[in-house]
Amino acid sequence: MQRTALVTGITGQDGSYLAEVLLEQGYRVVGMSRRSSTITNERIAHLAGKIELVQGDLLDQASLVEALKETRPAEVYNLAAQSFVPTSWNQPVLTGEFTALGVTRILEAIRQVDPTIRFYQASSSEMFGKVTESPQHEGTAFHPRSPYGVAKVYGHLLTVNYRESYDLYAASGICFNHESPRRGLEFVTRKVTDGAVRVKLGLAKDLRLGNLDAQRDWGFAGDYVRAMWLMLQQDQPGDYVIATGQAHSVRELCEVAFGRLGLDYRDHVTVDPALIRPAEVDHLLGDATRARTELGWEPKVGFEQLVTMMVDADLARLGGGRRADDPVLASSMYSRAP
Ligand code: NAP
Ligand code: G4F
């Protein structure tokens, strides 16, 4: 019988890639999205007719219960969240409502409607924050550095608690940063790839960034959603670090992105003190041994390949379909940048 998966956060980066993996696996895919006055379906437009949408909001318990009753999923992937760290300092209460209490609401809805539903929670490496050891693994202590990180710790521990209290099949992926051409423009990878292309095409003069020394373990979102699906196919639920095991700085990110376009980032990037965070997570590096051994999961896309893919996609979007290695791009026609 065809299984149904309900994905919250379907309109986000991960929701769109996960929907593709689930469709490949033969699922009926239902995405939960909240009502807004403008359409936010850009990332799933190519899936129109292949997935269904149901309206629901993590702030509204009744809508979650109704979504489960209406769609009767075997698996729920909870990807919805206020996911941008700087916003969590401006809107700490709202971030807690979405990103922390939203998890309670959906787990309670599952308990009420059908406790056999398998549940995936999108936990985050931001929970490790001011790291106590490196690399970080499933047993590493949490020391979050933002209201977002604190909210994710709540959602993570609640998932563990519902597994232990009610015997729910509830699993968490402690995912390190994962990126793609579908990444939101406010996150640093996409800000850099989009910004570098704008400079190359003469659409912008420079790119203002915050802390260039911060290091992240960056992987490809398309690889990470496979791990999410695998986590719900095991005999027993658990928590898994999902990471590449390689860390790079924002500075290296700039080097690769601008370099792909034949530019030196030092000529175009300026540090804006307003973009430095009140409390920074300096260095994240994940140890995904458990995911490798128990799930058979491996990342396929490395850092340079990822950044190149993102630069090329932004170039195609902004520059009329050209790839960065197109010889015409190097010619004067496209070299209007100062
Ligand atoms: P994203 O692109 O920001 O997408 C977030 C999604 O959540 C969007 O679909 C958004 O809908 C939805 N949403 C926000 N508030 C909601 C609410 N109140 N009710 C219903 N939906 C709501 O995030 P992402 O990068 O795909 O990440 C997916 C999840 O993984 C998030 O929980 C994030 O915190 C977590 N995570 C991400 C990473 C990463 O590196 N990407 C790493 C670790 C953990 P709208 O379109 O309506 O705004
Ligand atoms: O791309 P970021 O905004 O991602 P951040 O804060 O690590 O959070 C992302 O990954 C988490 C997993 O660890 C997710 F849970 C979370 O939802 C989100 O997807 O920033 C990365 C680093 C930071 O150290 C930041 O200070 O880049 C540094 N940075 C330097 N200049 C900048 C900028 N970040 C942004 N967004 N914009 C800048 O101009």
# chains A, B, ... in the order shown; residues from 1 in each chain; ligands from 1
$ residues_around --residues "A:Lys50" --least-positions-apart "3" --cutoff "10 Å" --atoms "only C-alpha atoms" --output "list of chain:residue names"
A:Ala19, A:Glu20, A:Leu23, A:Arg28, A:Val29, A:Val30, A:Ile44, A:His46, A:Leu47
$ residues_near_ligand --ligand "ligand 2" --cutoff "8 Å" --atoms "only C-alpha atoms and all ligand atoms" --output "number ranges by chain"
A: 82-86, 123-127, 148-149, 152, 175-178, 186-191, 208-216, 250, 271, 275-277, 280-284
$ select_by_dssp --residues "stretch 86-221 of chain A" --states "helix (DSSP H, G or I)" --output "NGL selection string"
:A and (86-90 or 92-113 or 125-127 or 147-166 or 188-200 or 221)
$ atom_distance --atom1 "atom 37 (C, counted along the ligand's line) of ligand 1" --atom2 "atom CA of A:Gln13"
8.6 Å
$ residues_around --residues "A:Thr308" --least-positions-apart "6" --cutoff "9 Å" --atoms "only C-alpha atoms" --output "list in words"
Thr193, Val256, Ala257, Arg260 and Ala324 of chain A
$ select_by_dssp --residues "stretch 112-170 of chain A" --states "strand (DSSP E or B)" --output "ChimeraX atom specification"
/A:118-124,136,170
